[in-house]
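What follows is the content of query-v3.cif, which has mmCIF, C-alpha atoms:
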data_query
loop_
_atom_site.label_atom_id
_atom_site.label_comp_id
_atom_site.auth_asym_id
_atom_site.auth_seq_id
_atom_site.Cartn_x
_atom_site.Cartn_y
_atom_site.Cartn_z
CA MET A 1 6.85 -33.63 -23.66
CA THR A 2 6.80 -34.40 -19.93
CA LEU A 3 5.89 -31.72 -17.41
CA ARG A 4 9.48 -31.55 -16.17
CA ALA A 5 10.82 -31.19 -19.70
CA GLU A 6 8.35 -28.38 -20.40
CA LEU A 7 9.33 -26.55 -17.24
CA ARG A 8 13.02 -26.98 -17.98
CA GLN A 9 12.51 -25.59 -21.47
CA PHE A 10 10.63 -22.56 -20.13
CA ILE A 11 13.32 -21.80 -17.55
CA LEU A 12 16.19 -22.33 -19.98
CA GLU A 13 14.66 -20.21 -22.72
CA ASN A 14 13.30 -17.40 -20.56
CA PHE A 15 15.77 -17.10 -17.69
CA LEU A 16 19.01 -18.44 -19.16
CA LEU A 17 18.37 -17.58 -22.83
CA THR A 18 19.70 -20.94 -23.92
CA ARG A 19 18.49 -24.33 -25.12
CA ASP A 20 21.41 -26.20 -23.59
CA ASP A 21 19.56 -28.45 -21.18
CA SER A 22 22.75 -29.85 -19.67
CA SER A 23 23.03 -26.62 -17.68
CA LEU A 24 20.11 -27.29 -15.34
CA GLY A 25 19.24 -30.35 -13.26
CA ASP A 26 15.71 -31.13 -12.06
CA ALA A 27 16.73 -30.83 -8.40
CA ASP A 28 18.93 -27.73 -8.74
CA SER A 29 17.89 -24.84 -6.48
CA LEU A 30 16.90 -21.99 -8.79
CA THR A 31 17.45 -19.35 -6.09
CA ALA A 32 20.81 -20.71 -4.93
CA ARG A 33 21.99 -20.75 -8.53
CA GLY A 34 20.88 -17.13 -8.97
CA ILE A 35 18.36 -18.04 -11.67
CA LEU A 36 15.21 -17.07 -9.79
CA ASP A 37 14.77 -13.77 -7.91
CA SER A 38 11.49 -12.19 -6.85
CA THR A 39 10.86 -10.71 -10.31
CA GLY A 40 11.69 -14.07 -11.89
CA ALA A 41 9.28 -15.75 -9.47
CA LEU A 42 6.47 -13.45 -10.66
CA GLU A 43 7.35 -14.31 -14.24
CA LEU A 44 7.30 -18.01 -13.41
CA VAL A 45 3.96 -17.74 -11.60
CA MET A 46 2.41 -15.86 -14.52
CA HIS A 47 3.58 -18.64 -16.83
CA LEU A 48 2.29 -21.43 -14.59
CA GLU A 49 -1.11 -19.77 -14.27
CA GLU A 50 -1.43 -19.20 -18.01
CA ARG A 51 0.00 -22.50 -19.21
CA TYR A 52 -1.45 -24.88 -16.64
CA GLY A 53 -4.68 -23.09 -15.71
CA ILE A 54 -3.88 -23.00 -12.01
CA THR A 55 -4.20 -20.08 -9.59
CA VAL A 56 -1.23 -19.57 -7.29
CA GLN A 57 -2.24 -18.17 -3.90
CA ASP A 58 -0.09 -15.71 -1.94
CA GLU A 59 0.80 -18.31 0.67
CA GLU A 60 1.96 -20.68 -2.07
CA LEU A 61 4.68 -18.25 -3.22
CA HIS A 62 7.18 -20.32 -1.28
CA PRO A 63 10.55 -21.83 -2.22
CA ASP A 64 9.10 -25.26 -1.33
CA ASN A 65 6.83 -24.92 -4.36
CA LEU A 66 8.99 -23.01 -6.81
CA ASP A 67 12.69 -23.48 -6.12
CA SER A 68 13.48 -26.34 -8.53
CA ILE A 69 12.00 -28.08 -11.54
CA ASP A 70 11.12 -31.04 -9.30
CA ARG A 71 9.32 -28.81 -6.82
CA ILE A 72 7.44 -26.84 -9.47
CA ALA A 73 6.31 -30.06 -11.16
CA ALA A 74 5.12 -31.54 -7.85
CA PHE A 75 3.34 -28.27 -7.05
CA ILE A 76 1.48 -28.24 -10.38
CA GLU A 77 0.49 -31.87 -9.93
CA ARG A 78 -0.85 -31.15 -6.44
CA LYS A 79 -2.78 -28.13 -7.70
CA ARG A 80 -4.29 -30.08 -10.56
CA ALA A 81 -5.29 -32.96 -8.28
CA ALA A 82 -6.96 -30.62 -5.78
CA MET B 1 28.79 -18.70 41.04
CA THR B 2 26.85 -18.87 37.79
CA GLN B 3 26.25 -15.76 35.80
CA GLU B 4 23.24 -14.99 33.64
CA PRO B 5 24.45 -15.66 30.08
CA LYS B 6 24.76 -12.38 28.23
CA SER B 7 23.11 -11.96 24.86
CA THR B 8 25.90 -11.75 22.33
CA LEU B 9 24.04 -8.99 20.47
CA GLN B 10 23.50 -5.61 22.12
CA TRP B 11 21.77 -2.55 20.64
CA SER B 12 24.85 -0.54 21.60
CA VAL B 13 26.74 -2.01 18.62
CA LEU B 14 25.02 0.72 16.59
CA ASP B 15 26.33 3.53 18.81
CA ILE B 16 28.76 5.90 17.13
CA ASP B 17 30.89 8.86 18.12
CA ALA B 18 28.79 11.35 16.16
CA ARG B 19 31.14 14.28 16.70
CA SER B 20 34.23 12.61 15.24
CA GLU B 21 32.26 10.92 12.45
CA VAL B 22 30.86 14.27 11.35
CA GLU B 23 34.33 15.77 11.22
CA ARG B 24 35.72 12.76 9.38
CA ILE B 25 32.95 12.76 6.74
CA ALA B 26 33.12 16.53 6.21
CA GLY B 27 36.89 16.30 5.69
CA ALA B 28 36.58 13.34 3.32
CA LEU B 29 33.80 15.07 1.38
CA ARG B 30 35.95 18.16 0.83
CA GLU B 31 38.97 16.06 -0.08
CA ALA B 32 37.01 13.93 -2.58
CA ALA B 33 35.50 17.00 -4.23
CA VAL B 34 38.85 18.71 -4.56
CA SER B 35 41.21 15.84 -5.40
CA VAL B 36 39.04 13.30 -7.20
CA LEU B 37 36.09 15.14 -8.68
CA HIS B 38 37.60 18.62 -9.10
CA LYS B 39 34.33 20.28 -8.07
CA ARG B 40 33.79 23.48 -6.12
CA GLY B 41 30.78 22.65 -4.00
CA ALA B 42 27.74 20.37 -3.77
CA VAL B 43 24.15 20.01 -4.92
CA VAL B 44 21.83 18.21 -2.49
CA ALA B 45 18.16 17.54 -3.14
CA ILE B 46 16.42 17.80 0.22
CA SER B 47 13.21 15.86 0.70
CA GLY B 48 12.34 16.79 4.25
CA GLY B 49 13.62 13.42 5.45
CA VAL B 50 16.53 12.80 7.76
CA ASP B 51 19.01 11.30 5.26
CA SER B 52 19.07 14.23 2.85
CA ALA B 53 19.00 16.65 5.80
CA VAL B 54 22.13 15.10 7.29
CA CYS B 55 23.81 15.09 3.86
CA ALA B 56 23.00 18.78 3.36
CA ALA B 57 24.34 19.61 6.83
CA LEU B 58 27.53 17.63 6.18
CA ALA B 59 27.98 19.36 2.82
CA ALA B 60 27.46 22.77 4.44
CA ARG B 61 30.12 21.87 6.99
CA ALA B 62 32.49 20.60 4.30
CA PHE B 63 32.12 23.40 1.76
CA GLY B 64 30.45 26.25 3.66
CA PRO B 65 26.75 27.06 3.12
CA GLU B 66 27.54 29.42 0.23
CA ARG B 67 28.90 26.49 -1.80
CA VAL B 68 25.93 24.18 -1.27
CA LEU B 69 22.82 24.34 -3.46
CA ALA B 70 19.76 22.79 -1.81
CA LEU B 71 17.04 21.69 -4.22
CA ILE B 72 13.42 21.14 -3.23
CA LEU B 73 11.74 19.08 -5.95
CA PRO B 74 8.12 18.21 -5.15
CA GLU B 75 5.64 16.72 -7.63
CA HIS B 76 1.86 16.28 -7.67
CA GLU B 77 1.89 13.46 -5.12
CA SER B 78 4.51 14.70 -2.64
CA SER B 79 3.29 15.32 0.86
CA PRO B 80 2.99 19.13 1.39
CA GLU B 81 4.70 18.77 4.79
CA SER B 82 7.83 17.48 3.05
CA SER B 83 8.42 20.80 1.30
CA VAL B 84 7.68 22.73 4.50
CA ARG B 85 10.25 20.68 6.41
CA ALA B 86 12.78 21.01 3.58
CA ARG B 87 12.39 24.81 3.54
CA SER B 88 12.85 25.07 7.29
CA LEU B 89 15.95 22.89 7.05
CA ALA B 90 17.42 25.17 4.38
CA VAL B 91 16.84 28.20 6.60
CA HIS B 92 18.36 26.35 9.56
CA LEU B 93 21.51 25.53 7.57
CA GLY B 94 21.81 28.99 6.03
CA LEU B 95 21.15 27.66 2.52
CA THR B 96 19.13 29.43 -0.18
CA PRO B 97 17.07 26.65 -1.73
CA VAL B 98 15.88 26.43 -5.31
CA GLU B 99 12.40 24.96 -5.53
CA GLN B 100 10.98 23.45 -8.70
CA ASP B 101 7.70 21.57 -8.96
CA LEU B 102 8.13 18.55 -11.24
CA GLY B 103 4.43 17.75 -11.59
CA ALA B 104 3.99 19.24 -15.07
CA THR B 105 7.17 17.56 -16.33
CA LEU B 106 6.12 14.18 -14.95
CA THR B 107 2.67 14.60 -16.48
CA ALA B 108 4.17 15.44 -19.86
CA ILE B 109 6.53 12.49 -19.77
CA GLY B 110 3.70 10.06 -18.95
CA CYS B 111 4.69 9.10 -15.40
CA TYR B 112 1.21 9.25 -13.86
CA ARG B 113 -0.61 8.04 -16.98
CA SER B 114 1.55 4.94 -17.50
CA ARG B 115 1.35 4.06 -13.84
CA ASP B 116 -2.42 4.52 -13.64
CA GLU B 117 -2.92 2.45 -16.79
CA ALA B 118 -1.18 -0.49 -15.03
CA VAL B 119 -3.11 0.12 -11.81
CA ARG B 120 -6.42 0.04 -13.71
CA ARG B 121 -5.55 -3.32 -15.23
CA VAL B 122 -5.53 -4.67 -11.69
CA LEU B 123 -8.29 -2.46 -10.28
CA PRO B 124 -10.57 -1.19 -13.10
CA GLN B 125 -12.49 1.24 -10.87
CA TYR B 126 -9.29 3.17 -9.93
CA GLY B 127 -9.47 6.78 -11.07
CA ALA B 128 -9.56 10.44 -10.02
CA GLY B 129 -9.57 10.97 -6.27
CA TRP B 130 -8.11 7.55 -5.51
CA ARG B 131 -4.77 7.12 -3.78
CA MET B 132 -2.45 4.14 -4.04
CA LYS B 133 0.81 2.53 -2.99
CA ILE B 134 2.52 -0.81 -3.39
CA VAL B 135 3.60 -2.96 -0.45
CA VAL B 136 5.94 -5.92 -0.20
CA ALA B 137 4.85 -9.24 1.29
CA GLY B 138 6.27 -12.68 1.81
CA GLY B 139 9.90 -12.41 2.91
CA LEU B 140 9.25 -12.37 6.62
CA GLU B 141 7.23 -15.57 6.39
CA GLY B 142 9.95 -17.33 4.42
CA ARG B 143 7.99 -16.92 1.21
CA ILE B 144 9.16 -15.36 -2.01
CA ASN B 145 8.77 -11.58 -1.96
CA HIS B 146 5.96 -10.23 -4.05
CA PHE B 147 4.18 -6.91 -4.32
CA LYS B 148 0.62 -5.89 -3.67
CA LEU B 149 -1.32 -2.88 -4.81
CA VAL B 150 -3.13 -1.06 -2.01
CA ALA B 151 -5.58 1.57 -3.22
CA GLN B 152 -8.01 3.79 -1.36
CA SER B 153 -11.17 5.00 -3.07
CA PRO B 154 -12.43 8.57 -2.44
CA ASP B 155 -14.92 7.21 0.15
CA GLY B 156 -12.02 5.75 2.16
CA THR B 157 -12.51 2.07 1.28
CA THR B 158 -9.24 0.16 0.91
CA HIS B 159 -8.74 -2.32 -1.92
CA GLU B 160 -5.85 -4.76 -2.14
CA ALA B 161 -4.66 -6.94 -5.00
CA ARG B 162 -1.56 -8.96 -5.81
CA LEU B 163 0.40 -7.48 -8.68
CA GLY B 164 1.31 -9.68 -11.61
CA LEU B 165 4.64 -9.28 -13.32
CA ARG B 166 3.63 -6.96 -16.17
CA ASP B 167 1.63 -4.56 -13.98
CA TYR B 168 4.24 -4.52 -11.20
CA LEU B 169 7.05 -3.75 -13.63
CA GLN B 170 5.07 -0.99 -15.34
CA ILE B 171 4.15 0.69 -12.03
CA VAL B 172 7.78 0.60 -10.88
CA ALA B 173 9.06 1.79 -14.27
CA ALA B 174 6.61 4.69 -14.41
CA THR B 175 7.24 5.69 -10.81
CA GLY B 176 10.99 5.68 -11.48
CA PHE B 177 10.44 8.77 -13.64
CA LYS B 178 10.16 10.71 -10.38
CA GLN B 179 13.66 9.83 -9.19
CA ARG B 180 15.18 10.09 -12.66
CA VAL B 181 13.69 13.49 -13.48
CA ARG B 182 14.81 14.76 -10.07
CA LYS B 183 18.33 13.59 -10.82
CA SER B 184 18.31 15.39 -14.18
CA ILE B 185 17.51 18.64 -12.36
CA GLU B 186 20.27 17.96 -9.82
CA TYR B 187 22.83 17.44 -12.58
CA PHE B 188 21.65 20.54 -14.46
CA HIS B 189 22.51 22.66 -11.43
CA ALA B 190 25.68 20.71 -10.68
CA ASP B 191 26.94 21.21 -14.22
CA ARG B 192 25.94 24.86 -14.20
CA LEU B 193 27.82 25.54 -10.96
CA ASN B 194 30.66 23.00 -11.34
CA TYR B 195 29.44 21.27 -8.17
CA ALA B 196 29.26 17.58 -7.22
CA VAL B 197 25.93 15.80 -6.78
CA ILE B 198 25.45 14.29 -3.35
CA GLY B 199 23.61 10.96 -3.13
CA THR B 200 21.77 10.46 0.13
CA PRO B 201 21.25 6.72 0.75
CA ASN B 202 21.88 5.30 4.19
CA ARG B 203 23.43 1.87 4.63
CA LEU B 204 20.14 -0.06 4.64
CA GLU B 205 19.09 1.52 1.36
CA TYR B 206 22.50 1.18 -0.21
CA ASP B 207 23.09 -2.44 0.81
CA GLN B 208 19.58 -3.61 -0.01
CA GLY B 209 19.35 -1.82 -3.35
CA PHE B 210 16.51 0.45 -2.31
CA PHE B 211 17.04 3.03 -5.04
CA VAL B 212 16.34 3.64 -8.70
CA ARG B 213 19.30 3.04 -10.97
CA ASN B 214 20.20 6.34 -12.65
CA GLY B 215 17.60 7.94 -10.40
CA ASP B 216 18.26 8.49 -6.71
CA GLY B 217 21.01 5.87 -7.10
CA ALA B 218 23.04 8.27 -9.26
CA ALA B 219 25.50 10.61 -7.55
CA ASP B 220 29.13 11.71 -7.42
CA ILE B 221 29.51 11.08 -3.68
CA LYS B 222 27.39 9.15 -1.17
CA PRO B 223 28.56 10.46 2.18
CA ILE B 224 26.33 8.39 4.51
CA ALA B 225 26.06 5.11 2.57
CA HIS B 226 28.15 3.38 5.26
CA LEU B 227 25.92 4.55 8.15
CA TYR B 228 23.04 2.52 9.58
CA LYS B 229 19.78 4.47 9.75
CA SER B 230 19.97 4.77 13.56
CA GLN B 231 23.42 6.29 13.17
CA VAL B 232 22.04 8.84 10.70
CA TYR B 233 19.48 9.84 13.34
CA ALA B 234 22.25 10.08 15.95
CA ILE B 235 24.19 12.42 13.66
CA ALA B 236 21.05 14.49 12.99
CA GLU B 237 20.64 14.91 16.71
CA HIS B 238 24.30 15.76 17.23
CA LEU B 239 24.08 18.37 14.46
CA GLY B 240 21.02 19.90 16.12
CA LEU B 241 18.79 19.54 13.05
CA PRO B 242 15.15 20.65 13.44
CA ALA B 243 13.23 18.18 15.64
CA ASP B 244 10.57 17.37 13.01
CA ILE B 245 13.36 16.20 10.69
CA ALA B 246 15.56 14.52 13.29
CA SER B 247 12.58 12.40 14.34
CA ALA B 248 10.84 11.93 10.95
CA LEU B 249 9.98 8.30 10.26
CA PRO B 250 11.25 7.02 6.92
CA THR B 251 8.63 7.16 4.18
CA THR B 252 9.11 6.96 0.44
CA ASP B 253 6.96 10.03 -0.39
CA THR B 254 6.65 8.49 -3.84
CA TYR B 255 3.09 7.15 -3.88
CA SER B 256 -0.14 9.03 -3.19
CA LEU B 257 -0.93 6.88 -0.11
CA THR B 258 1.57 7.28 2.72
CA GLN B 259 4.04 4.44 2.45
CA GLY B 260 6.47 3.47 5.19
CA GLN B 261 9.77 2.15 3.87
CA ASP B 262 9.22 -1.04 5.87
CA GLU B 263 5.89 -1.55 4.07
CA PHE B 264 7.35 -1.09 0.65
CA TYR B 265 10.65 -2.80 0.91
CA PHE B 266 12.19 -3.78 4.22
CA ALA B 267 11.02 -6.75 6.28
CA LEU B 268 11.16 -4.85 9.60
CA PRO B 269 11.07 -1.26 10.91
CA TYR B 270 14.41 0.49 10.50
CA ARG B 271 15.79 0.08 14.04
CA GLN B 272 15.34 -3.66 13.86
CA MET B 273 16.57 -3.80 10.27
CA ASP B 274 19.72 -1.95 11.38
CA LEU B 275 20.44 -4.49 14.07
CA ALA B 276 19.66 -7.43 11.77
CA LEU B 277 21.94 -6.10 9.04
CA TRP B 278 24.73 -5.37 11.53
CA ALA B 279 24.34 -8.87 12.98
CA LEU B 280 24.42 -10.54 9.56
CA ASN B 281 27.47 -8.48 8.58
CA HIS B 282 29.27 -9.57 11.75
CA GLY B 283 28.42 -13.26 11.59
CA ILE B 284 26.07 -13.21 14.59
CA ALA B 285 24.06 -16.42 15.04
CA VAL B 286 20.36 -16.42 14.19
CA ALA B 287 19.50 -17.30 17.79
CA SER B 288 21.22 -14.16 19.10
CA LEU B 289 19.39 -11.95 16.63
CA ALA B 290 16.10 -13.60 17.59
CA GLU B 291 16.78 -12.92 21.26
CA ALA B 292 17.75 -9.29 20.70
CA LEU B 293 14.71 -8.57 18.51
CA ARG B 294 12.39 -10.75 20.65
CA ILE B 295 11.25 -12.73 17.62
CA SER B 296 11.33 -16.46 16.93
CA PRO B 297 14.57 -17.98 15.61
CA GLN B 298 12.63 -19.07 12.54
CA LYS B 299 11.56 -15.50 11.82
CA ALA B 300 15.10 -14.22 12.48
CA GLY B 301 16.33 -16.78 9.95
CA HIS B 302 13.84 -15.46 7.41
CA VAL B 303 15.11 -11.91 8.04
CA TYR B 304 18.67 -13.01 7.28
CA ASP B 305 17.48 -14.84 4.15
CA ASP B 306 15.51 -11.79 3.03
CA ILE B 307 18.51 -9.49 3.44
CA ARG B 308 20.69 -11.89 1.44
CA ALA B 309 18.03 -12.29 -1.27
CA LYS B 310 17.60 -8.52 -1.73
CA ARG B 311 21.36 -8.00 -1.74
CA ARG B 312 21.70 -10.62 -4.51
CA ALA B 313 18.74 -9.41 -6.52
CA THR B 314 19.93 -5.78 -6.53
CA ARG B 315 23.66 -6.35 -6.94
CA TYR B 316 23.56 -5.22 -10.54
CA LEU B 317 22.11 -1.84 -9.58
CA HIS B 318 25.52 -0.95 -8.12
CA ARG B 319 27.53 -1.94 -11.14
CA PRO B 320 28.97 0.49 -13.65
CA PRO B 321 28.04 -0.41 -17.24
CA LEU B 322 29.68 -3.72 -18.11
CA LEU B 323 32.41 -3.64 -20.74
CA LEU B 324 33.06 -6.73 -22.80
CA GLY B 325 36.67 -5.89 -23.58
CA ALA B 326 39.36 -4.15 -21.53
CA VAL B 327 39.99 -0.39 -21.75
CA PRO B 328 42.76 -0.14 -19.13
CA GLU B 329 43.86 3.37 -20.17
CA VAL B 330 40.69 4.85 -18.63
CA ASP B 331 41.50 3.43 -15.20
CA ARG B 332 45.06 4.76 -15.40
CA ALA B 333 44.07 8.27 -16.47
#

Once more with this new file: its structure as structure tokens, please.
Amino acid sequence: MTLRAELRQFILENFLLTRDDSSLGDADSLTARGILDSTGALELVMHLEERYGITVQDEELHPDNLDSIDRIAAFIERKRAA
Amino acid sequence: MTQEPKSTLQWSVLDIDARSEVERIAGALREAAVSVLHKRGAVVAISGGVDSAVCAALAARAFGPERVLALILPEHESSPESSVRARSLAVHLGLTPVEQDLGATLTAIGCYRSRDEAVRRVLPQYGAGWRMKIVVAGGLEGRINHFKLVAQSPDGTTHEARLGLRDYLQIVAATGFKQRVRKSIEYFHADRLNYAVIGTPNRLEYDQGFFVRNGDGAADIKPIAHLYKSQVYAIAEHLGLPADIASALPTTDTYSLTQGQDEFYFALPYRQMDLALWALNHGIAVASLAEALRISPQKAGHVYDDIRAKRRATRYLHRPPLLLGAVPEVDRA
């Protein structure tokens, strides 16, 4: 499964309680769509740290890194490359 | 002749006619109790802060002091000065307060133990003699809000750690016992006396969801929920409330380390938050807010975003329980 597909599955199953992947596009803003609030962001970060072995710094808790599947995937790839 | 362009946002937008607002609220409070709630007076828990003090004074004006029960409900971690201020307020308003220490109840129910268990997962050395609080970070820099644990060891050293989801939720859940147990006591007395329970949030707290659902968020009437914090202070002054209350800075008095409300929840101190919220509510441009608060337009934009984000995230706290089928007869009754 690709990174984006994994992330979509996590968000669908944990935040939307569904497996219908037509309901979420890779570029959709998770905050604008009301899917991600600050508690959801903590949940997402915990998952990213556990699943992908990265450590998310305080200053990285930014919508640029977390607000869509595309952005999360790019963020993980940057963290892994660093 | 060219004139200096005026800022479109003036601090005076928060000015109110305290005298007429006091009369209006007292009248509406009495009317709501009589016509809607069918209650004979009011219960107000007074914390020693300005919001509950103003609510108690308004209730005394609406119902007469003899029909207002003031409750003072400290627990193991309340600041001792809070109770002192609350008692002096009661005397000032001619109220006979009932005081009940909730420490033993909160211990029995596991409030402190559950909270400390989560704190120790983050900071294993935390224990007896330590004090702690949680603070919010991120929103003002345009980042996603998150919470940090700040703890002070008995020797005065401060430790700070970001809270992960599980620990943050457990600390908040355990701490919520304080507000929920207090509310149980308030309703005991309200039911006993056939009185209404007064909720004391100001507009910042109400709008931004700064309350515990079924805790301090529960009430029969919220008489100052439409007033900005600066307006609550203006009313306190107009009512001649004791100076130490009329000038008390907002704290949560919920954690063992002193915690300003702006540390825990709001992006800015209350005066600035008031103006920012007023400006957002009235469609004022970011640039005007920035000028009035003397902050960068970027930061002012983050303040607006933070207000919107908190309003969205806490919207559900205001909702009555959701029904999944209509019961229209209840609304018509």

So which residues get picked by the PyMOL selection byres ((chain A and resi 72) around 10) here, written as a PyMOL selection string?
-> chain A and resi 3-4+7+26+44-45+48+63-71+73-78

Please identify every residue of chain B that has at least one atom no farther than 8 Å from an atom of chain A, counting only C-alpha atoms, and for each give the shortest atom pair and the distance in Å to one decimal, arranged by chain then increasing number, as JSON lines.
{"residue": "B:Gly138", "atom": "CA", "partner": "A:Leu61", "partner_atom": "CA", "distance": 7.7}
{"residue": "B:Gly142", "atom": "CA", "partner": "A:His62", "partner_atom": "CA", "distance": 7.0}
{"residue": "B:Arg143", "atom": "CA", "partner": "A:His62", "partner_atom": "CA", "distance": 4.3}
{"residue": "B:Ile144", "atom": "CA", "partner": "A:His62", "partner_atom": "CA", "distance": 5.4}
{"residue": "B:Asn145", "atom": "CA", "partner": "A:Ser38", "partner_atom": "CA", "distance": 5.6}
{"residue": "B:His146", "atom": "CA", "partner": "A:Ser38", "partner_atom": "CA", "distance": 6.5}
{"residue": "B:Arg162", "atom": "CA", "partner": "A:Asp58", "partner_atom": "CA", "distance": 7.9}
{"residue": "B:Gly164", "atom": "CA", "partner": "A:Leu42", "partner_atom": "CA", "distance": 6.5}
{"residue": "B:Leu165", "atom": "CA", "partner": "A:Leu42", "partner_atom": "CA", "distance": 5.3}
{"residue": "B:Ala309", "atom": "CA", "partner": "A:Asp37", "partner_atom": "CA", "distance": 7.5}
{"residue": "B:Arg312", "atom": "CA", "partner": "A:Gly34", "partner_atom": "CA", "distance": 7.9}
{"residue": "B:Ala313", "atom": "CA", "partner": "A:Asp37", "partner_atom": "CA", "distance": 6.1}

Would you mind reading off the distance between CA of Arg19 in chain B and CA of Ile235 in chain B, one decimal, in Å?
-> 7.8 Å

Have a look at CA of Thr96 in chain B and CA of Leu73 in chain B and let me know their distance in Å, one decimal.
->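 Pair CA of Thr96 in chain B / CA of Leu73 in chain B returns 14.0 Å.
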
Shortest contact to Gln170 in chain B, candidates B:Pro124, B:Gly215, B:Gly64, B:Gly110, atoms counted only C-alpha atoms, goes to B:Gly110

How big is the axis-aligned box around all listed atoms of range 66-72 of chain A once 4 Å goes on each side, and where's its centre, in Å to one decimal, as lines of an AutoDock Vina configuration file?
center_x = 10.5
center_y = -27.0
center_z = -8.8
size_x = 14.0
size_y = 16.0
size_z = 13.4

Run the PyMOL selection byres ((chain B and resi 287-293) around 9) on the file and write out the hits as a PyMOL selection string.
-> chain B and resi 7-11+272+275-276+279-280+284-286+294-301

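Comparing B:Asp51, B:Glu160, B:Glu77, B:Asp191 by their smallest distance to Glu205 in chain B, the closest is B:Asp51 (using all atoms listed in the file).
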
How many Å lie between CA of Arg182 in chain B and CA of Val44 in chain B, rounded to one decimal?
->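 Those two atoms sit 10.9 Å apart.
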
Pick out the closest residue to Arg166 in chain B from this set: A:Val56, A:His47, A:Arg80, A:Ala27. Count only C-alpha atoms.
->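 Among the listed residues, the smallest separation from Arg166 in chain B belongs to A:His47.
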
On this file, the PyMOL selection byres ((chain B and resi 227) around 12) gives some set of residues; write that set as a ChimeraX atom specification.
-> /B:14-18,21-22,25,51,54-55,200-207,222-226,228-235,274,277-278

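Neighbourhood of point (18.7, -25.9, -17.1): residues with an atom at most 6 Å away, counting all atoms listed in the file, are Arg8, Leu12, Asp21, Ser23, Leu24 and Gly25 of chain A.
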
For Leu257 in chain B, list every protein, DNA or RNA residue within 8 Å, evaluated using only C-alpha atoms, and leave out those in the same chain fewer than 5 positions away; present the list as number ranges by chain.
-> B: 131-133, 151-152

Hey, what's within 10 Å of Gln259 in chain B if we count all atoms listed in the file and toss same-chain stuff fewer than 6 positions away? As a list in words, please?
-> Met132, Lys133, Ile134, Val135, Pro250, Thr251, Thr252, Asp253 and Tyr265 of chain B

Scan for residues within 7 Å of the point (26.1, 28.0, -2.7) in the coordinates of the file, using all atoms listed in the file, and reply as a PyMOL selection string.
-> chain B and resi 65-69
